[in-house]
>>> print(open('data.pdb').read())   # PDB, N, CA and C atoms, pLDDT in the B column
MODEL        1
ATOM      1  N   MET A  22     104.351 289.774 152.039  1.00 53.00           N
ATOM      2  CA  MET A  22     104.590 289.756 150.613  1.00 53.00           C
ATOM      3  C   MET A  22     106.044 289.346 150.370  1.00 53.00           C
ATOM      4  N   PRO A  23     106.274 288.371 149.499  1.00 59.00           N
ATOM      5  CA  PRO A  23     107.650 287.987 149.177  1.00 59.00           C
ATOM      6  C   PRO A  23     108.416 289.160 148.565  1.00 59.00           C
ATOM      7  N   THR A  24     109.702 289.209 148.869  1.00 59.00           N
ATOM      8  CA  THR A  24     110.501 290.355 148.443  1.00 59.00           C
ATOM      9  C   THR A  24     110.606 290.489 146.937  1.00 59.00           C
ATOM     10  N   GLN A  25     110.454 289.415 146.170  1.00 62.00           N
ATOM     11  CA  GLN A  25     110.579 289.534 144.718  1.00 62.00           C
ATOM     12  C   GLN A  25     109.467 290.399 144.116  1.00 62.00           C
ATOM     13  N   TYR A  26     108.377 290.613 144.844  1.00 64.00           N
ATOM     14  CA  TYR A  26     107.279 291.431 144.328  1.00 64.00           C
ATOM     15  C   TYR A  26     107.413 292.908 144.707  1.00 64.00           C
ATOM     16  N   TRP A  27     108.382 293.251 145.526  1.00 67.00           N
ATOM     17  CA  TRP A  27     108.492 294.610 146.029  1.00 67.00           C
ATOM     18  C   TRP A  27     108.772 295.625 144.940  1.00 67.00           C
ATOM     19  N   ARG A  28     109.343 295.221 143.835  1.00 72.00           N
ATOM     20  CA  ARG A  28     109.663 296.168 142.766  1.00 72.00           C
ATOM     21  C   ARG A  28     108.738 296.029 141.562  1.00 72.00           C
ATOM     22  N   SER A  29     107.686 295.274 141.714  1.00 77.00           N
ATOM     23  CA  SER A  29     106.759 295.105 140.593  1.00 77.00           C
ATOM     24  C   SER A  29     106.028 296.420 140.339  1.00 77.00           C
ATOM     25  N   PRO A  30     105.619 296.672 139.104  1.00 81.00           N
ATOM     26  CA  PRO A  30     104.877 297.908 138.801  1.00 81.00           C
ATOM     27  C   PRO A  30     103.618 298.074 139.648  1.00 81.00           C
ATOM     28  N   GLU A  31     102.931 296.974 139.921  1.00 81.00           N
ATOM     29  CA  GLU A  31     101.709 297.055 140.732  1.00 81.00           C
ATOM     30  C   GLU A  31     102.025 297.503 142.158  1.00 81.00           C
ATOM     31  N   THR A  32     103.113 296.962 142.703  1.00 77.00           N
ATOM     32  CA  THR A  32     103.502 297.339 144.061  1.00 77.00           C
ATOM     33  C   THR A  32     103.925 298.798 144.106  1.00 77.00           C
ATOM     34  N   ILE A  33     104.676 299.231 143.137  1.00 77.00           N
ATOM     35  CA  ILE A  33     105.115 300.628 143.098  1.00 77.00           C
ATOM     36  C   ILE A  33     103.912 301.558 143.002  1.00 77.00           C
ATOM     37  N   GLN A  34     102.934 301.203 142.192  1.00 82.00           N
ATOM     38  CA  GLN A  34     101.718 302.031 142.098  1.00 82.00           C
ATOM     39  C   GLN A  34     101.005 302.105 143.445  1.00 82.00           C
ATOM     40  N   ARG A  35     100.919 300.951 144.132  1.00 79.00           N
ATOM     41  CA  ARG A  35     100.257 300.926 145.440  1.00 79.00           C
ATOM     42  C   ARG A  35     101.029 301.780 146.443  1.00 79.00           C
ATOM     43  N   LEU A  36     102.361 301.689 146.431  1.00 78.00           N
ATOM     44  CA  LEU A  36     103.170 302.491 147.344  1.00 78.00           C
ATOM     45  C   LEU A  36     103.007 303.984 147.088  1.00 78.00           C
ATOM     46  N   ASN A  37     102.869 304.362 145.841  1.00 82.00           N
ATOM     47  CA  ASN A  37     102.700 305.775 145.500  1.00 82.00           C
ATOM     48  C   ASN A  37     101.388 306.352 146.018  1.00 82.00           C
ATOM     49  N   ARG A  38     100.427 305.497 146.321  1.00 85.00           N
ATOM     50  CA  ARG A  38      99.124 305.971 146.823  1.00 85.00           C
ATOM     51  C   ARG A  38      99.070 306.039 148.348  1.00 85.00           C
ATOM     52  N   LEU A  39     100.101 305.556 149.018  1.00 80.00           N
ATOM     53  CA  LEU A  39     100.077 305.510 150.481  1.00 80.00           C
ATOM     54  C   LEU A  39     100.310 306.883 151.108  1.00 80.00           C
ATOM     55  N   GLU A  40      99.699 307.073 152.269  1.00 83.00           N
ATOM     56  CA  GLU A  40      99.993 308.230 153.099  1.00 83.00           C
ATOM     57  C   GLU A  40     101.323 307.963 153.804  1.00 83.00           C
ATOM     58  N   ARG A  41     101.862 308.971 154.471  1.00 79.00           N
ATOM     59  CA  ARG A  41     103.176 308.838 155.122  1.00 79.00           C
ATOM     60  C   ARG A  41     103.283 307.657 156.084  1.00 79.00           C
ATOM     61  N   PRO A  42     102.328 307.454 157.004  1.00 81.00           N
ATOM     62  CA  PRO A  42     102.468 306.322 157.931  1.00 81.00           C
ATOM     63  C   PRO A  42     102.508 304.973 157.208  1.00 81.00           C
ATOM     64  N   GLY A  43     101.689 304.807 156.201  1.00 79.00           N
ATOM     65  CA  GLY A  43     101.681 303.557 155.444  1.00 79.00           C
ATOM     66  C   GLY A  43     102.976 303.342 154.695  1.00 79.00           C
ATOM     67  N   PHE A  44     103.512 304.416 154.122  1.00 79.00           N
ATOM     68  CA  PHE A  44     104.778 304.311 153.410  1.00 79.00           C
ATOM     69  C   PHE A  44     105.903 303.971 154.388  1.00 79.00           C
ATOM     70  N   ALA A  45     105.885 304.592 155.552  1.00 81.00           N
ATOM     71  CA  ALA A  45     106.915 304.307 156.557  1.00 81.00           C
ATOM     72  C   ALA A  45     106.876 302.837 156.965  1.00 81.00           C
ATOM     73  N   LEU A  46     105.677 302.301 157.140  1.00 82.00           N
ATOM     74  CA  LEU A  46     105.551 300.894 157.493  1.00 82.00           C
ATOM     75  C   LEU A  46     106.108 300.006 156.387  1.00 82.00           C
ATOM     76  N   GLU A  47     105.791 300.313 155.151  1.00 80.00           N
ATOM     77  CA  GLU A  47     106.316 299.526 154.033  1.00 80.00           C
ATOM     78  C   GLU A  47     107.839 299.626 153.961  1.00 80.00           C
ATOM     79  N   PHE A  48     108.385 300.791 154.250  1.00 83.00           N
ATOM     80  CA  PHE A  48     109.838 300.963 154.266  1.00 83.00           C
ATOM     81  C   PHE A  48     110.462 300.055 155.327  1.00 83.00           C
ATOM     82  N   LEU A  49     109.877 300.048 156.530  1.00 88.00           N
ATOM     83  CA  LEU A  49     110.414 299.219 157.602  1.00 88.00           C
ATOM     84  C   LEU A  49     110.285 297.732 157.284  1.00 88.00           C
ATOM     85  N   ARG A  50     109.172 297.335 156.673  1.00 84.00           N
ATOM     86  CA  ARG A  50     108.994 295.913 156.334  1.00 84.00           C
ATOM     87  C   ARG A  50     110.097 295.416 155.413  1.00 84.00           C
ATOM     88  N   ARG A  51     110.697 296.301 154.654  1.00 82.00           N
ATOM     89  CA  ARG A  51     111.745 295.924 153.720  1.00 82.00           C
ATOM     90  C   ARG A  51     113.146 296.018 154.332  1.00 82.00           C
ATOM     91  N   ASN A  52     113.235 296.511 155.549  1.00 90.00           N
ATOM     92  CA  ASN A  52     114.517 296.701 156.222  1.00 90.00           C
ATOM     93  C   ASN A  52     114.882 295.417 156.974  1.00 90.00           C
ATOM     94  N   ALA A  53     115.960 294.769 156.560  1.00 91.00           N
ATOM     95  CA  ALA A  53     116.353 293.491 157.155  1.00 91.00           C
ATOM     96  C   ALA A  53     116.658 293.630 158.651  1.00 91.00           C
ATOM     97  N   ASP A  54     117.298 294.717 159.056  1.00 95.00           N
ATOM     98  CA  ASP A  54     117.599 294.920 160.477  1.00 95.00           C
ATOM     99  C   ASP A  54     116.321 295.033 161.294  1.00 95.00           C
ATOM    100  N   TYR A  55     115.345 295.762 160.762  1.00 95.00           N
ATOM    101  CA  TYR A  55     114.063 295.903 161.452  1.00 95.00           C
ATOM    102  C   TYR A  55     113.372 294.543 161.577  1.00 95.00           C
ATOM    103  N   ARG A  56     113.346 293.782 160.499  1.00 94.00           N
ATOM    104  CA  ARG A  56     112.684 292.474 160.531  1.00 94.00           C
ATOM    105  C   ARG A  56     113.350 291.545 161.542  1.00 94.00           C
ATOM    106  N   ARG A  57     114.688 291.556 161.594  1.00 96.00           N
ATOM    107  CA  ARG A  57     115.394 290.724 162.579  1.00 96.00           C
ATOM    108  C   ARG A  57     115.080 291.177 164.004  1.00 96.00           C
ATOM    109  N   ASP A  58     115.091 292.472 164.225  1.00 97.00           N
ATOM    110  CA  ASP A  58     114.818 292.995 165.558  1.00 97.00           C
ATOM    111  C   ASP A  58     113.377 292.690 165.965  1.00 97.00           C
ATOM    112  N   PHE A  59     112.449 292.813 165.036  1.00 96.00           N
ATOM    113  CA  PHE A  59     111.044 292.496 165.327  1.00 96.00           C
ATOM    114  C   PHE A  59     110.916 291.020 165.716  1.00 96.00           C
ATOM    115  N   ALA A  60     111.541 290.130 164.951  1.00 97.00           N
ATOM    116  CA  ALA A  60     111.477 288.699 165.263  1.00 97.00           C
ATOM    117  C   ALA A  60     112.105 288.409 166.622  1.00 97.00           C
ATOM    118  N   ARG A  61     113.241 289.045 166.904  1.00 97.00           N
ATOM    119  CA  ARG A  61     113.904 288.873 168.203  1.00 97.00           C
ATOM    120  C   ARG A  61     112.996 289.364 169.334  1.00 97.00           C
ATOM    121  N   THR A  62     112.348 290.481 169.120  1.00 97.00           N
ATOM    122  CA  THR A  62     111.434 291.027 170.124  1.00 97.00           C
ATOM    123  C   THR A  62     110.279 290.076 170.378  1.00 97.00           C
ATOM    124  N   GLU A  63     109.702 289.528 169.312  1.00 97.00           N
ATOM    125  CA  GLU A  63     108.593 288.582 169.464  1.00 97.00           C
ATOM    126  C   GLU A  63     109.037 287.320 170.207  1.00 97.00           C
ATOM    127  N   ARG A  64     110.251 286.842 169.937  1.00 97.00           N
ATOM    128  CA  ARG A  64     110.766 285.660 170.651  1.00 97.00           C
ATOM    129  C   ARG A  64     110.949 285.960 172.136  1.00 97.00           C
ATOM    130  N   ARG A  65     111.467 287.147 172.448  1.00 97.00           N
ATOM    131  CA  ARG A  65     111.641 287.525 173.854  1.00 97.00           C
ATOM    132  C   ARG A  65     110.300 287.553 174.582  1.00 97.00           C
ATOM    133  N   ILE A  66     109.280 288.070 173.920  1.00 97.00           N
ATOM    134  CA  ILE A  66     107.951 288.114 174.527  1.00 97.00           C
ATOM    135  C   ILE A  66     107.422 286.698 174.733  1.00 97.00           C
ATOM    136  N   ALA A  67     107.580 285.849 173.711  1.00 97.00           N
ATOM    137  CA  ALA A  67     107.084 284.471 173.803  1.00 97.00           C
ATOM    138  C   ALA A  67     107.788 283.689 174.919  1.00 97.00           C
ATOM    139  N   ARG A  68     109.081 283.945 175.122  1.00 97.00           N
ATOM    140  CA  ARG A  68     109.842 283.263 176.184  1.00 97.00           C
ATOM    141  C   ARG A  68     109.511 283.805 177.570  1.00 97.00           C
ATOM    142  N   GLY A  69     108.919 284.971 177.624  1.00 95.00           N
ATOM    143  CA  GLY A  69     108.620 285.583 178.914  1.00 95.00           C
ATOM    144  C   GLY A  69     109.842 286.205 179.559  1.00 95.00           C
ATOM    145  N   ASP A  70     110.772 286.704 178.732  1.00 90.00           N
ATOM    146  CA  ASP A  70     112.009 287.298 179.255  1.00 90.00           C
ATOM    147  C   ASP A  70     111.758 288.478 180.191  1.00 90.00           C
ATOM    148  N   ALA A  71     110.708 289.209 179.943  1.00 93.00           N
ATOM    149  CA  ALA A  71     110.366 290.380 180.758  1.00 93.00           C
ATOM    150  C   ALA A  71     108.908 290.713 180.464  1.00 93.00           C
ATOM    151  N   ASP A  72     108.453 291.770 181.080  1.00 96.00           N
ATOM    152  CA  ASP A  72     107.090 292.235 180.836  1.00 96.00           C
ATOM    153  C   ASP A  72     106.930 292.561 179.353  1.00 96.00           C
ATOM    154  N   PRO A  73     105.920 291.998 178.684  1.00 95.00           N
ATOM    155  CA  PRO A  73     105.738 292.252 177.243  1.00 95.00           C
ATOM    156  C   PRO A  73     105.651 293.731 176.881  1.00 95.00           C
ATOM    157  N   ASP A  74     104.986 294.527 177.708  1.00 94.00           N
ATOM    158  CA  ASP A  74     104.880 295.957 177.407  1.00 94.00           C
ATOM    159  C   ASP A  74     106.249 296.636 177.465  1.00 94.00           C
ATOM    160  N   THR A  75     107.076 296.242 178.426  1.00 95.00           N
ATOM    161  CA  THR A  75     108.417 296.804 178.540  1.00 95.00           C
ATOM    162  C   THR A  75     109.246 296.447 177.308  1.00 95.00           C
ATOM    163  N   ILE A  76     109.145 295.215 176.855  1.00 96.00           N
ATOM    164  CA  ILE A  76     109.878 294.772 175.665  1.00 96.00           C
ATOM    165  C   ILE A  76     109.406 295.545 174.439  1.00 96.00           C
ATOM    166  N   ARG A  77     108.095 295.695 174.300  1.00 94.00           N
ATOM    167  CA  ARG A  77     107.554 296.429 173.142  1.00 94.00           C
ATOM    168  C   ARG A  77     107.962 297.901 173.166  1.00 94.00           C
ATOM    169  N   ILE A  78     107.926 298.505 174.338  1.00 94.00           N
ATOM    170  CA  ILE A  78     108.317 299.916 174.448  1.00 94.00           C
ATOM    171  C   ILE A  78     109.774 300.088 174.048  1.00 94.00           C
ATOM    172  N   SER A  79     110.616 299.174 174.485  1.00 96.00           N
ATOM    173  CA  SER A  79     112.030 299.230 174.113  1.00 96.00           C
ATOM    174  C   SER A  79     112.193 299.123 172.600  1.00 96.00           C
ATOM    175  N   PHE A  80     111.448 298.224 171.978  1.00 95.00           N
ATOM    176  CA  PHE A  80     111.491 298.053 170.520  1.00 95.00           C
ATOM    177  C   PHE A  80     111.041 299.330 169.812  1.00 95.00           C
ATOM    178  N   THR A  81     109.927 299.892 170.247  1.00 93.00           N
ATOM    179  CA  THR A  81     109.420 301.092 169.579  1.00 93.00           C
ATOM    180  C   THR A  81     110.370 302.268 169.753  1.00 93.00           C
ATOM    181  N   ARG A  82     111.033 302.352 170.882  1.00 95.00           N
ATOM    182  CA  ARG A  82     112.007 303.437 171.080  1.00 95.00           C
ATOM    183  C   ARG A  82     113.233 303.254 170.190  1.00 95.00           C
ATOM    184  N   ARG A  83     113.705 302.003 170.055  1.00 95.00           N
ATOM    185  CA  ARG A  83     114.865 301.752 169.192  1.00 95.00           C
ATOM    186  C   ARG A  83     114.587 302.200 167.768  1.00 95.00           C
ATOM    187  N   TRP A  84     113.359 301.972 167.297  1.00 93.00           N
ATOM    188  CA  TRP A  84     113.013 302.288 165.912  1.00 93.00           C
ATOM    189  C   TRP A  84     112.261 303.618 165.802  1.00 93.00           C
ATOM    190  N   ARG A  85     112.111 304.319 166.916  1.00 90.00           N
ATOM    191  CA  ARG A  85     111.428 305.613 166.966  1.00 90.00           C
ATOM    192  C   ARG A  85     110.017 305.539 166.358  1.00 90.00           C
ATOM    193  N   LEU A  86     109.306 304.501 166.778  1.00 88.00           N
ATOM    194  CA  LEU A  86     107.951 304.283 166.274  1.00 88.00           C
ATOM    195  C   LEU A  86     106.942 304.957 167.183  1.00 88.00           C
ATOM    196  N   ARG A  87     105.858 305.376 166.591  1.00 80.00           N
ATOM    197  CA  ARG A  87     104.719 305.869 167.349  1.00 80.00           C
ATOM    198  C   ARG A  87     103.557 304.966 166.987  1.00 80.00           C
ATOM    199  N   CYS A  88     103.051 304.271 168.005  1.00 71.00           N
ATOM    200  CA  CYS A  88     101.988 303.298 167.768  1.00 71.00           C
ATOM    201  C   CYS A  88     100.700 303.785 168.404  1.00 71.00           C
ATOM    202  N   ARG A  89      99.626 303.433 167.759  1.00 66.00           N
ATOM    203  CA  ARG A  89      98.315 303.781 168.313  1.00 66.00           C
ATOM    204  C   ARG A  89      98.010 302.836 169.455  1.00 66.00           C
ATOM    205  N   PRO A  90      97.302 303.341 170.473  1.00 59.00           N
ATOM    206  CA  PRO A  90      96.949 302.476 171.614  1.00 59.00           C
ATOM    207  C   PRO A  90      95.972 301.386 171.222  1.00 59.00           C
TER
ENDMDL
END
>>> encode(input="data.pdb", output="structure tokens")
Amino acid sequence: MPTQYWRSPETIQRLNRLERPGFALEFLRRNADYRRDFARTERRIARGDADPDTIRISFTRRWRLRCRP
């Protein structure tokens, strides 16, 4: 979703209906540092810099994420 829509009344209503995990995800999607780190992580995986699982685990630890298997 383009950032100009993040403050629209419709978006705010949708955010108010989210459970905690969904709200946390929406919060991170709006965080520029998180988006840059996510893109950097994806590039590292695509280049084959290391084992993809190791790269992902490092990313999730940096952001203290808990992901479903």
>>> select_by_dssp(input="data.pdb", residues="chain A", states="helix (DSSP H, G or I)", output="number ranges by chain")
A: 24-26, 30-37, 41-50, 53-68, 73-83
>>> atom_distance(input="data.pdb", atom1="atom CA of Arg83 of chain A", atom2="atom CA of Arg65 of chain A")
15.3 Å
>>> closest_residue(input="data.pdb", among="A:Thr75, A:Leu46, A:Ala67, A:Tyr55", to="Arg87 of chain A", atoms="only C-alpha atoms")
A:Leu46
>>> atom_distance(input="data.pdb", atom1="atom N of Arg38 of chain A", atom2="atom C of Arg57 of chain A")
27.1 Å
>>> atom_distance(input="data.pdb", atom1="atom C of Thr32 of chain A", atom2="atom CA of Asn52 of chain A")
16.2 Å
>>> residues_around(input="data.pdb", residues="Asp74 of chain A", least_positions_apart="5", cutoff="12 Å", atoms="only C-alpha atoms", output="list in words")
Thr62, Glu63, Arg65, Ile66, Gly69, Ser79, Phe80, Thr81 and Pro90 of chain A
